[in-house]
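Here is the structure we will look at, set down as structure tokens.
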There are 2 protein chains.
Amino acid sequence: MARELAIVLMSGGLDSAVTTGIAAQNYELAALHLNYGQRTLERELKSFNDLCDHYKIDKRLIVDIKHLAQIGGSSLTDKKLAVSKANLESEETPSSYVPFRNANFLVIATSWAEVIAANKIFVGAVDEDSSGYPDCRREFYDAFGQAIDAGTKPSTKIKIVTPIIAMKKSEIVQKGVELGVPFELTWSCYQNNDKACGVCDSCAFRLRGFQEMNVEDPIQYETRPFYQ
Amino acid sequence: MARELAIVLMSGGLDSAVTTGIAAQNYELAALHLNYGQRTLERELKSFNDLCDHYKIDKRLIVDIKHLAQIGGSSLTDKKLAVSKANLESEETPSSYVPFRNANFLVIATSWAEVIAANKIFVGAVDEDSSGYPDCRREFYDAFGQAIDAGTKPSTKIKIVTPIIAMKKSEIVQKGVELGVPFELTWSCYQNNDKACGVCDSCAFRLRGFQEMNVEDPIQYETRPFYQ
């Protein structure tokens, strides 16, 4: 029997790779990647294509969105703003926050889902142990799901699935190990395109996750501080 | 005292022009226009700029989004699909429906609002007497408002305002007359760039609105069927 079609938002990072591994167990996948002017655009795109090859995903949609860089407000898209070093204990919204970014991704996924008749959108958002981005919270995904129900055709039934939203980074690593996710193909660093910096928010959370599980992170880092 | 800043989504059509007229009474305005591959892109852009000049709006953001045309599924962006003639009584979703289009616009407006610290987003959506687009319904805007609250920074308070959502087209025309909205600068036709066709959904609703109010629509039409 043909498997149901699902879209996965795939940045090419650890979280989206593990989410893809989870989704691939039960769905035929279509993968969506967004270039939004982030510093590591080309490196992320390579990871996206490598992961799609690995998971044999033919339906790939790569969308260039310029407006987030045009609008600015984030160190991820505005080279005048510095990428801050990680502060894993801070509760403030960090400078890398791209205003309402995930909502921008979700609407594109929803438009695509409505056209290709996919009923699920898998998103690797993480609320626990994450960087303090407001658009990674479970309440946001619940509310956005309501907006999809209200704003799409009556015949359209699209559900957002966030299988790792409540996991710690270490649990995500563990899940990836169980599923045989090819960590070596992923890219998480916000700053560099060759060797991961090891010190930005994203590197710090990733490295801590691997360190807590005593698993070797197979990608190369400029520096590997020990995070606890 | 400086007036509060609000963003208005301005397509350049009748509805967004009247919404702008309403918003201009109480707010300093910033105007957002989206090119999404629609057939009448250049004509709409002219109306946008003419309306901004009229209302002395300096903060203008024009965003090119290619993904809606890339994704397809609508006669508005896919030249292989015909723009259907109006059926003002039908309850089906028409071929001009661009999947989840208004949500794509709203997320961009929200990202911008968060950066420029605007607390209101004015949208000229019309639920009553409209074309049967699911993303024009009041329930959709209510749900989307919840998603904004949940997905933006705690300090951000953005409210979507839909002042004409419950109006009939004739009431929108009446409101525009009261406010002195320059109808001659607007463009509503989905199909043509020179003279409005008079027969697409958008022309039909517009013409009927003017006819019901016994007001002359100052733009030029190829043909002016009488709608009742």
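Naming works like this for the structure tokens: A, B, ... for the chains as they're shown, residue 1 at the start of each chain, ligands 1 onward in shown order.
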For chain B against chain A, which residues fall within 6 Å using only C-alpha atoms, given as a PDB file with N, CA, C and O atoms, in the first residue's frame?
ATOM      1  N   ILE B  71       5.076  27.019  -6.205  1.00  0.00           N
ATOM      2  CA  ILE B  71       4.210  25.962  -5.667  1.00  0.00           C
ATOM      3  C   ILE B  71       2.994  25.749  -6.561  1.00  0.00           C
ATOM      4  O   ILE B  71       2.540  24.632  -6.761  1.00  0.00           O
ATOM      5  N   GLY B  73      -0.884  25.896  -8.209  1.00  0.00           N
ATOM      6  CA  GLY B  73      -2.193  25.531  -7.678  1.00  0.00           C
ATOM      7  C   GLY B  73      -3.259  26.595  -7.826  1.00  0.00           C
ATOM      8  O   GLY B  73      -4.385  26.410  -7.389  1.00  0.00           O
ATOM      9  N   PRO B  99      -3.189  28.933  -2.531  1.00  0.00           N
ATOM     10  CA  PRO B  99      -3.210  28.210  -1.264  1.00  0.00           C
ATOM     11  C   PRO B  99      -2.542  28.964  -0.116  1.00  0.00           C
ATOM     12  O   PRO B  99      -1.356  29.264  -0.165  1.00  0.00           O
ATOM     13  N   PHE B 100      -3.364  29.301   0.889  1.00  0.00           N
ATOM     14  CA  PHE B 100      -2.892  29.895   2.143  1.00  0.00           C
ATOM     15  C   PHE B 100      -2.161  31.220   1.905  1.00  0.00           C
ATOM     16  O   PHE B 100      -1.281  31.597   2.661  1.00  0.00           O
ATOM     17  N   ASN B 104       0.660  33.713   4.128  1.00  0.00           N
ATOM     18  CA  ASN B 104       2.005  34.063   3.660  1.00  0.00           C
ATOM     19  C   ASN B 104       2.248  35.561   3.788  1.00  0.00           C
ATOM     20  O   ASN B 104       3.342  36.003   4.148  1.00  0.00           O
ATOM     21  N   VAL B 107       2.520  36.590   7.774  1.00  0.00           N
ATOM     22  CA  VAL B 107       3.767  36.289   8.484  1.00  0.00           C
ATOM     23  C   VAL B 107       4.836  37.306   8.122  1.00  0.00           C
ATOM     24  O   VAL B 107       5.641  37.693   8.974  1.00  0.00           O
ATOM     25  N   SER B 111       6.711  39.679  10.807  1.00  0.00           N
ATOM     26  CA  SER B 111       8.172  39.794  10.954  1.00  0.00           C
ATOM     27  C   SER B 111       8.597  41.258  10.868  1.00  0.00           C
ATOM     28  O   SER B 111       9.407  41.741  11.661  1.00  0.00           O
ATOM     29  N   TRP B 112       8.024  41.959   9.907  1.00  0.00           N
ATOM     30  CA  TRP B 112       8.361  43.385   9.735  1.00  0.00           C
ATOM     31  C   TRP B 112       7.906  44.190  10.948  1.00  0.00           C
ATOM     32  O   TRP B 112       8.633  45.026  11.481  1.00  0.00           O
ATOM     33  N   VAL B 115      10.167  44.016  13.848  1.00  0.00           N
ATOM     34  CA  VAL B 115      11.420  44.763  13.699  1.00  0.00           C
ATOM     35  C   VAL B 115      11.197  46.275  13.802  1.00  0.00           C
ATOM     36  O   VAL B 115      11.977  46.971  14.452  1.00  0.00           O
ATOM     37  N   PRO B 134     -10.898  30.638   1.846  1.00  0.00           N
ATOM     38  CA  PRO B 134     -10.902  30.267   3.270  1.00  0.00           C
ATOM     39  C   PRO B 134     -10.043  31.180   4.135  1.00  0.00           C
ATOM     40  O   PRO B 134     -10.338  31.360   5.321  1.00  0.00           O
ATOM     41  N   ASP B 135      -8.998  31.783   3.544  1.00  0.00           N
ATOM     42  CA  ASP B 135      -8.126  32.624   4.370  1.00  0.00           C
ATOM     43  C   ASP B 135      -8.595  34.076   4.427  1.00  0.00           C
ATOM     44  O   ASP B 135      -7.822  34.977   4.730  1.00  0.00           O
ATOM     45  N   GLU B 139     -12.577  33.690  11.455  1.00  0.00           N
ATOM     46  CA  GLU B 139     -11.990  32.637  12.302  1.00  0.00           C
ATOM     47  C   GLU B 139     -10.496  32.472  12.009  1.00  0.00           C
ATOM     48  O   GLU B 139      -9.703  32.181  12.893  1.00  0.00           O
ATOM     49  N   PHE B 140     -10.145  32.620  10.723  1.00  0.00           N
ATOM     50  CA  PHE B 140      -8.731  32.499  10.373  1.00  0.00           C
ATOM     51  C   PHE B 140      -7.913  33.615  11.016  1.00  0.00           C
ATOM     52  O   PHE B 140      -6.847  33.374  11.601  1.00  0.00           O
ATOM     53  N   ALA B 143      -7.540  33.040  14.740  1.00  0.00           N
ATOM     54  CA  ALA B 143      -6.578  31.965  15.038  1.00  0.00           C
ATOM     55  C   ALA B 143      -5.152  32.439  14.757  1.00  0.00           C
ATOM     56  O   ALA B 143      -4.219  32.146  15.512  1.00  0.00           O
ATOM     57  N   PHE B 144      -4.995  33.191  13.673  1.00  0.00           N
ATOM     58  CA  PHE B 144      -3.655  33.667  13.340  1.00  0.00           C
ATOM     59  C   PHE B 144      -3.145  34.651  14.400  1.00  0.00           C
ATOM     60  O   PHE B 144      -1.964  34.655  14.734  1.00  0.00           O
ATOM     61  N   GLN B 146      -3.732  34.498  17.523  1.00  0.00           N
ATOM     62  CA  GLN B 146      -3.240  33.658  18.625  1.00  0.00           C
ATOM     63  C   GLN B 146      -1.833  33.141  18.321  1.00  0.00           C
ATOM     64  O   GLN B 146      -0.973  33.080  19.197  1.00  0.00           O
ATOM     65  N   ALA B 147      -1.631  32.752  17.059  1.00  0.00           N
ATOM     66  CA  ALA B 147      -0.309  32.228  16.677  1.00  0.00           C
ATOM     67  C   ALA B 147       0.751  33.325  16.793  1.00  0.00           C
ATOM     68  O   ALA B 147       1.889  33.063  17.191  1.00  0.00           O
ATOM     69  N   ALA B 150       1.642  33.747  20.439  1.00  0.00           N
ATOM     70  CA  ALA B 150       2.431  32.622  20.968  1.00  0.00           C
ATOM     71  C   ALA B 150       3.831  32.566  20.365  1.00  0.00           C
ATOM     72  O   ALA B 150       4.743  32.043  20.985  1.00  0.00           O
ATOM     73  N   GLY B 151       4.001  33.112  19.142  1.00  0.00           N
ATOM     74  CA  GLY B 151       5.251  32.884  18.425  1.00  0.00           C
ATOM     75  C   GLY B 151       6.177  34.082  18.294  1.00  0.00           C
ATOM     76  O   GLY B 151       7.178  33.999  17.591  1.00  0.00           O
ATOM     77  N   THR B 152       5.841  35.189  18.939  1.00  0.00           N
ATOM     78  CA  THR B 152       6.730  36.355  18.891  1.00  0.00           C
ATOM     79  C   THR B 152       7.306  36.619  20.290  1.00  0.00           C
ATOM     80  O   THR B 152       6.889  35.998  21.265  1.00  0.00           O
ATOM     81  N   LYS B 153       8.252  37.547  20.353  1.00  0.00           N
ATOM     82  CA  LYS B 153       8.898  37.843  21.626  1.00  0.00           C
ATOM     83  C   LYS B 153       7.868  38.275  22.664  1.00  0.00           C
ATOM     84  O   LYS B 153       6.870  38.911  22.325  1.00  0.00           O
TER      85      LYS B 153
END
Inset, instruction - Name the residues of segment 29-225 of chain B that fall into strand (DSSP E) according to DSSP on the backbone, using the chain letters and numbers of this document, as a list in words. - result: Leu29, Ala30, Ala31, Leu32, His33, Leu34, Asn35, Lys59, Arg60, Leu61, Ile62, Val63, Asp64, Lys120, Ile121, Phe122, Lys159, Ile160 and Val161 of chain B
Residues from the last selection, all heavy atoms, saved as a short mmCIF file (atom, residue, chain, number, x, y, z; two decimals), in the first residue's frame:
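Written out: part-v8.cif:
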data_model
loop_
_atom_site.label_atom_id
_atom_site.label_comp_id
_atom_site.auth_asym_id
_atom_site.auth_seq_id
_atom_site.Cartn_x
_atom_site.Cartn_y
_atom_site.Cartn_z
N LEU B 29 1.40 55.30 9.09
CA LEU B 29 1.35 54.04 8.36
C LEU B 29 2.68 53.64 7.73
O LEU B 29 3.47 54.48 7.28
CB LEU B 29 0.28 54.10 7.28
CG LEU B 29 -1.16 54.23 7.78
CD1 LEU B 29 -2.13 54.24 6.60
CD2 LEU B 29 -1.52 53.09 8.73
N ALA B 30 2.88 52.32 7.71
CA ALA B 30 3.93 51.69 6.90
C ALA B 30 3.19 50.72 5.99
O ALA B 30 2.25 50.06 6.43
CB ALA B 30 4.91 50.95 7.80
N ALA B 31 3.57 50.66 4.72
CA ALA B 31 2.78 49.87 3.77
C ALA B 31 3.59 48.71 3.20
O ALA B 31 4.75 48.88 2.80
CB ALA B 31 2.29 50.76 2.63
N LEU B 32 2.96 47.56 3.16
CA LEU B 32 3.62 46.34 2.67
C LEU B 32 2.90 45.85 1.42
O LEU B 32 1.67 45.70 1.41
CB LEU B 32 3.56 45.26 3.76
CG LEU B 32 4.07 43.87 3.39
CD1 LEU B 32 5.55 43.88 3.02
CD2 LEU B 32 3.83 42.88 4.55
N HIS B 33 3.68 45.62 0.37
CA HIS B 33 3.12 45.10 -0.88
C HIS B 33 3.86 43.83 -1.28
O HIS B 33 5.08 43.75 -1.15
CB HIS B 33 3.28 46.16 -1.99
CG HIS B 33 2.67 45.75 -3.29
ND1 HIS B 33 1.31 45.77 -3.51
CD2 HIS B 33 3.23 45.28 -4.43
CE1 HIS B 33 1.06 45.35 -4.74
NE2 HIS B 33 2.21 45.04 -5.33
N LEU B 34 3.13 42.87 -1.77
CA LEU B 34 3.73 41.59 -2.12
C LEU B 34 3.57 41.31 -3.60
O LEU B 34 2.45 41.33 -4.12
CB LEU B 34 3.04 40.46 -1.34
CG LEU B 34 3.30 40.28 0.17
CD1 LEU B 34 4.78 40.08 0.45
CD2 LEU B 34 2.74 41.37 1.00
N ASN B 35 4.68 41.06 -4.25
CA ASN B 35 4.66 40.51 -5.61
C ASN B 35 4.79 39.01 -5.47
O ASN B 35 5.80 38.52 -4.96
CB ASN B 35 5.85 41.03 -6.42
CG ASN B 35 5.77 42.50 -6.69
OD1 ASN B 35 4.69 43.09 -6.69
ND2 ASN B 35 6.92 43.13 -6.92
N LYS B 59 7.32 54.84 4.56
CA LYS B 59 7.82 53.50 4.88
C LYS B 59 7.10 52.49 3.99
O LYS B 59 5.96 52.10 4.26
CB LYS B 59 7.54 53.15 6.35
CG LYS B 59 8.36 53.91 7.35
CD LYS B 59 8.22 53.28 8.75
CE LYS B 59 8.98 54.07 9.79
NZ LYS B 59 8.36 55.39 10.09
N ARG B 60 7.78 52.05 2.93
CA ARG B 60 7.18 51.10 1.99
C ARG B 60 8.08 49.89 1.91
O ARG B 60 9.30 50.03 1.77
CB ARG B 60 7.07 51.72 0.58
CG ARG B 60 6.30 53.00 0.56
CD ARG B 60 6.26 53.63 -0.84
NE ARG B 60 5.77 55.00 -0.73
CZ ARG B 60 5.51 55.80 -1.76
NH1 ARG B 60 5.71 55.36 -3.00
NH2 ARG B 60 5.06 57.02 -1.57
N LEU B 61 7.50 48.72 1.98
CA LEU B 61 8.29 47.50 1.80
C LEU B 61 7.62 46.67 0.71
O LEU B 61 6.44 46.33 0.81
CB LEU B 61 8.36 46.70 3.11
CG LEU B 61 9.12 45.37 3.04
CD1 LEU B 61 10.61 45.59 2.75
CD2 LEU B 61 8.96 44.58 4.35
N ILE B 62 8.39 46.43 -0.35
CA ILE B 62 7.89 45.61 -1.46
C ILE B 62 8.68 44.32 -1.44
O ILE B 62 9.91 44.34 -1.53
CB ILE B 62 8.07 46.34 -2.80
CG1 ILE B 62 7.25 47.63 -2.79
CG2 ILE B 62 7.66 45.44 -3.96
CD1 ILE B 62 7.70 48.63 -3.84
N VAL B 63 8.00 43.22 -1.29
CA VAL B 63 8.68 41.94 -1.17
C VAL B 63 8.31 41.06 -2.37
O VAL B 63 7.13 40.92 -2.70
CB VAL B 63 8.29 41.24 0.15
CG1 VAL B 63 8.80 39.81 0.19
CG2 VAL B 63 8.82 42.02 1.35
N ASP B 64 9.33 40.53 -3.01
CA ASP B 64 9.10 39.56 -4.08
C ASP B 64 9.11 38.17 -3.49
O ASP B 64 10.13 37.72 -2.98
CB ASP B 64 10.23 39.63 -5.13
CG ASP B 64 10.09 40.84 -6.02
OD1 ASP B 64 9.00 41.03 -6.57
OD2 ASP B 64 11.07 41.60 -6.15
N LYS B 120 0.09 47.21 15.19
CA LYS B 120 -1.14 46.84 14.49
C LYS B 120 -0.79 46.47 13.04
O LYS B 120 0.07 47.11 12.42
CB LYS B 120 -2.11 48.03 14.44
CG LYS B 120 -2.56 48.57 15.79
CD LYS B 120 -3.70 47.75 16.35
CE LYS B 120 -4.26 48.40 17.63
NZ LYS B 120 -3.23 48.57 18.69
N ILE B 121 -1.50 45.49 12.52
CA ILE B 121 -1.41 45.15 11.10
C ILE B 121 -2.83 45.24 10.54
O ILE B 121 -3.71 44.47 10.94
CB ILE B 121 -0.85 43.73 10.89
CG1 ILE B 121 0.57 43.63 11.45
CG2 ILE B 121 -0.88 43.35 9.41
CD1 ILE B 121 1.12 42.20 11.49
N PHE B 122 -3.05 46.20 9.65
CA PHE B 122 -4.36 46.36 9.02
C PHE B 122 -4.44 45.52 7.75
O PHE B 122 -3.55 45.58 6.89
CB PHE B 122 -4.61 47.83 8.67
CG PHE B 122 -5.11 48.64 9.82
CD1 PHE B 122 -4.23 49.17 10.75
CD2 PHE B 122 -6.47 48.88 9.99
CE1 PHE B 122 -4.69 49.92 11.83
CE2 PHE B 122 -6.94 49.62 11.06
CZ PHE B 122 -6.05 50.15 11.98
N LYS B 159 -1.40 43.20 16.91
CA LYS B 159 -2.80 42.84 16.73
C LYS B 159 -3.17 43.00 15.26
O LYS B 159 -2.81 43.99 14.64
CB LYS B 159 -3.65 43.78 17.61
CG LYS B 159 -4.97 43.18 18.04
CD LYS B 159 -5.63 44.08 19.08
CE LYS B 159 -7.14 44.19 18.91
NZ LYS B 159 -7.85 43.27 18.07
N ILE B 160 -3.86 42.02 14.72
CA ILE B 160 -4.36 42.13 13.36
C ILE B 160 -5.71 42.85 13.40
O ILE B 160 -6.57 42.51 14.20
CB ILE B 160 -4.55 40.74 12.73
CG1 ILE B 160 -3.21 40.00 12.68
CG2 ILE B 160 -5.15 40.86 11.33
CD1 ILE B 160 -3.34 38.57 12.19
N VAL B 161 -5.86 43.85 12.53
CA VAL B 161 -7.11 44.61 12.50
C VAL B 161 -7.73 44.44 11.11
O VAL B 161 -7.08 44.67 10.09
CB VAL B 161 -6.84 46.11 12.77
CG1 VAL B 161 -8.17 46.86 12.92
CG2 VAL B 161 -5.97 46.31 14.00
#
Inset, instruction - Tell me, as a PyMOL selection string, which residues lie within 9 Å of Gly12 of chain A, counting only C-alpha atoms; anything in the same chain fewer than 3 positions away does not count. - result: chain A and resi 15-17+33+43-51+185-188
Inset, instruction - Run DSSP on the backbone and grab whatever in segment 152-222 of chain A lands in alpha helix (DSSP H); send it over as a PyMOL selection string. - result: chain A and resi 169-179+201-212
Just N, CA, C and O atoms for this one: save the residues we selected as a PDB file, in the first residue's frame.
ATOM      1  N   LYS A 169      18.488  18.064  23.967  1.00  0.00           N
ATOM      2  CA  LYS A 169      19.429  17.813  22.866  1.00  0.00           C
ATOM      3  C   LYS A 169      20.034  16.415  22.996  1.00  0.00           C
ATOM      4  O   LYS A 169      20.202  15.708  21.993  1.00  0.00           O
ATOM      5  N   SER A 170      20.351  16.017  24.210  1.00  0.00           N
ATOM      6  CA  SER A 170      20.967  14.698  24.403  1.00  0.00           C
ATOM      7  C   SER A 170      20.003  13.585  23.986  1.00  0.00           C
ATOM      8  O   SER A 170      20.418  12.567  23.424  1.00  0.00           O
ATOM      9  N   GLU A 171      18.718  13.780  24.238  1.00  0.00           N
ATOM     10  CA  GLU A 171      17.729  12.772  23.830  1.00  0.00           C
ATOM     11  C   GLU A 171      17.585  12.733  22.308  1.00  0.00           C
ATOM     12  O   GLU A 171      17.321  11.682  21.724  1.00  0.00           O
ATOM     13  N   ILE A 172      17.763  13.897  21.689  1.00  0.00           N
ATOM     14  CA  ILE A 172      17.703  13.950  20.220  1.00  0.00           C
ATOM     15  C   ILE A 172      18.879  13.165  19.632  1.00  0.00           C
ATOM     16  O   ILE A 172      18.716  12.388  18.684  1.00  0.00           O
ATOM     17  N   VAL A 173      20.050  13.354  20.231  1.00  0.00           N
ATOM     18  CA  VAL A 173      21.228  12.598  19.788  1.00  0.00           C
ATOM     19  C   VAL A 173      20.965  11.102  19.955  1.00  0.00           C
ATOM     20  O   VAL A 173      21.205  10.291  19.041  1.00  0.00           O
ATOM     21  N   GLN A 174      20.423  10.723  21.113  1.00  0.00           N
ATOM     22  CA  GLN A 174      20.130   9.321  21.400  1.00  0.00           C
ATOM     23  C   GLN A 174      19.158   8.748  20.366  1.00  0.00           C
ATOM     24  O   GLN A 174      19.369   7.661  19.817  1.00  0.00           O
ATOM     25  N   LYS A 175      18.106   9.499  20.081  1.00  0.00           N
ATOM     26  CA  LYS A 175      17.116   9.062  19.091  1.00  0.00           C
ATOM     27  C   LYS A 175      17.774   8.911  17.717  1.00  0.00           C
ATOM     28  O   LYS A 175      17.504   7.944  16.986  1.00  0.00           O
ATOM     29  N   GLY A 176      18.659   9.831  17.387  1.00  0.00           N
ATOM     30  CA  GLY A 176      19.368   9.756  16.113  1.00  0.00           C
ATOM     31  C   GLY A 176      20.241   8.508  16.020  1.00  0.00           C
ATOM     32  O   GLY A 176      20.312   7.858  14.974  1.00  0.00           O
ATOM     33  N   VAL A 177      20.898   8.182  17.122  1.00  0.00           N
ATOM     34  CA  VAL A 177      21.727   6.968  17.162  1.00  0.00           C
ATOM     35  C   VAL A 177      20.839   5.743  16.921  1.00  0.00           C
ATOM     36  O   VAL A 177      21.145   4.875  16.094  1.00  0.00           O
ATOM     37  N   GLU A 178      19.721   5.679  17.626  1.00  0.00           N
ATOM     38  CA  GLU A 178      18.796   4.541  17.477  1.00  0.00           C
ATOM     39  C   GLU A 178      18.339   4.367  16.035  1.00  0.00           C
ATOM     40  O   GLU A 178      18.199   3.251  15.547  1.00  0.00           O
ATOM     41  N   LEU A 179      18.067   5.503  15.371  1.00  0.00           N
ATOM     42  CA  LEU A 179      17.496   5.447  14.016  1.00  0.00           C
ATOM     43  C   LEU A 179      18.569   5.425  12.930  1.00  0.00           C
ATOM     44  O   LEU A 179      18.250   5.381  11.745  1.00  0.00           O
ATOM     45  N   ASP A 201      25.433  29.674  19.643  1.00  0.00           N
ATOM     46  CA  ASP A 201      24.336  28.979  20.327  1.00  0.00           C
ATOM     47  C   ASP A 201      24.133  27.572  19.798  1.00  0.00           C
ATOM     48  O   ASP A 201      24.009  26.607  20.552  1.00  0.00           O
ATOM     49  N   SER A 202      24.074  27.492  18.476  1.00  0.00           N
ATOM     50  CA  SER A 202      23.670  26.236  17.866  1.00  0.00           C
ATOM     51  C   SER A 202      24.736  25.161  18.059  1.00  0.00           C
ATOM     52  O   SER A 202      24.433  24.011  18.392  1.00  0.00           O
ATOM     53  N   CYS A 203      26.012  25.528  17.866  1.00  0.00           N
ATOM     54  CA  CYS A 203      27.112  24.587  18.115  1.00  0.00           C
ATOM     55  C   CYS A 203      27.128  24.160  19.587  1.00  0.00           C
ATOM     56  O   CYS A 203      27.332  22.980  19.905  1.00  0.00           O
ATOM     57  N   ALA A 204      26.922  25.135  20.464  1.00  0.00           N
ATOM     58  CA  ALA A 204      27.029  24.846  21.897  1.00  0.00           C
ATOM     59  C   ALA A 204      25.975  23.834  22.338  1.00  0.00           C
ATOM     60  O   ALA A 204      26.272  22.868  23.049  1.00  0.00           O
ATOM     61  N   PHE A 205      24.719  24.045  21.900  1.00  0.00           N
ATOM     62  CA  PHE A 205      23.662  23.102  22.275  1.00  0.00           C
ATOM     63  C   PHE A 205      23.928  21.726  21.682  1.00  0.00           C
ATOM     64  O   PHE A 205      23.716  20.706  22.327  1.00  0.00           O
ATOM     65  N   ARG A 206      24.415  21.707  20.463  1.00  0.00           N
ATOM     66  CA  ARG A 206      24.683  20.432  19.793  1.00  0.00           C
ATOM     67  C   ARG A 206      25.809  19.662  20.505  1.00  0.00           C
ATOM     68  O   ARG A 206      25.659  18.498  20.842  1.00  0.00           O
ATOM     69  N   LEU A 207      26.908  20.386  20.730  1.00  0.00           N
ATOM     70  CA  LEU A 207      28.056  19.732  21.373  1.00  0.00           C
ATOM     71  C   LEU A 207      27.687  19.219  22.761  1.00  0.00           C
ATOM     72  O   LEU A 207      28.058  18.102  23.137  1.00  0.00           O
ATOM     73  N   ARG A 208      26.938  20.027  23.507  1.00  0.00           N
ATOM     74  CA  ARG A 208      26.543  19.577  24.841  1.00  0.00           C
ATOM     75  C   ARG A 208      25.703  18.309  24.766  1.00  0.00           C
ATOM     76  O   ARG A 208      25.839  17.393  25.578  1.00  0.00           O
ATOM     77  N   GLY A 209      24.813  18.264  23.760  1.00  0.00           N
ATOM     78  CA  GLY A 209      23.982  17.073  23.584  1.00  0.00           C
ATOM     79  C   GLY A 209      24.810  15.822  23.340  1.00  0.00           C
ATOM     80  O   GLY A 209      24.586  14.777  23.964  1.00  0.00           O
ATOM     81  N   PHE A 210      25.787  15.937  22.457  1.00  0.00           N
ATOM     82  CA  PHE A 210      26.650  14.782  22.175  1.00  0.00           C
ATOM     83  C   PHE A 210      27.482  14.411  23.416  1.00  0.00           C
ATOM     84  O   PHE A 210      27.630  13.234  23.755  1.00  0.00           O
ATOM     85  N   GLN A 211      28.021  15.455  24.075  1.00  0.00           N
ATOM     86  CA  GLN A 211      28.874  15.201  25.253  1.00  0.00           C
ATOM     87  C   GLN A 211      28.087  14.501  26.363  1.00  0.00           C
ATOM     88  O   GLN A 211      28.577  13.564  26.987  1.00  0.00           O
ATOM     89  N   GLU A 212      26.852  14.932  26.573  1.00  0.00           N
ATOM     90  CA  GLU A 212      26.049  14.316  27.633  1.00  0.00           C
ATOM     91  C   GLU A 212      25.764  12.842  27.355  1.00  0.00           C
ATOM     92  O   GLU A 212      25.578  12.046  28.268  1.00  0.00           O
TER      93      GLU A 212
END
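The shortest atom-to-atom distance to Tyr190 of chain A, with only C-alpha atoms taken into account, belongs to A:Arg39 out of A:Lys157, A:Lys56, A:Lys168, A:Arg39.
Closest approach to Val123 of chain B from the set B:Pro218, B:Gly21, B:Pro163, B:Pro94 is made by B:Pro163, with distances taken over only C-alpha atoms.
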Using only C-alpha atoms, which protein or nucleic acid residues come within 7 Å of segment 222-226 of chain A? Drop anything in the same chain fewer than 4 positions from it, and give the result as an mmCIF file with N, CA, C and O atoms, in the first residue's frame.
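Final output, around17.cif:
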data_model
loop_
_atom_site.group_PDB
_atom_site.id
_atom_site.type_symbol
_atom_site.label_atom_id
_atom_site.label_comp_id
_atom_site.auth_asym_id
_atom_site.auth_seq_id
_atom_site.Cartn_x
_atom_site.Cartn_y
_atom_site.Cartn_z
ATOM 1 N N LYS A 195 34.573 24.579 8.911
ATOM 2 C CA LYS A 195 34.549 23.880 10.190
ATOM 3 C C LYS A 195 33.574 24.596 11.110
ATOM 4 O O LYS A 195 33.607 25.819 11.213
ATOM 5 N N ALA A 196 32.745 23.845 11.807
ATOM 6 C CA ALA A 196 31.798 24.462 12.739
ATOM 7 C C ALA A 196 32.563 25.219 13.818
ATOM 8 O O ALA A 196 33.631 24.781 14.255
ATOM 9 N N CYS A 197 32.013 26.371 14.259
ATOM 10 C CA CYS A 197 32.768 27.250 15.157
ATOM 11 C C CYS A 197 32.897 26.678 16.566
ATOM 12 O O CYS A 197 33.884 26.925 17.257
ATOM 13 N N GLY A 198 31.872 25.949 16.997
ATOM 14 C CA GLY A 198 31.923 25.365 18.348
ATOM 15 C C GLY A 198 31.439 26.289 19.450
ATOM 16 O O GLY A 198 31.232 25.843 20.580
#
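Between atom CA of Ser155 of chain A and atom CA of Ala118 of chain A lies a distance of 12.1 Å.
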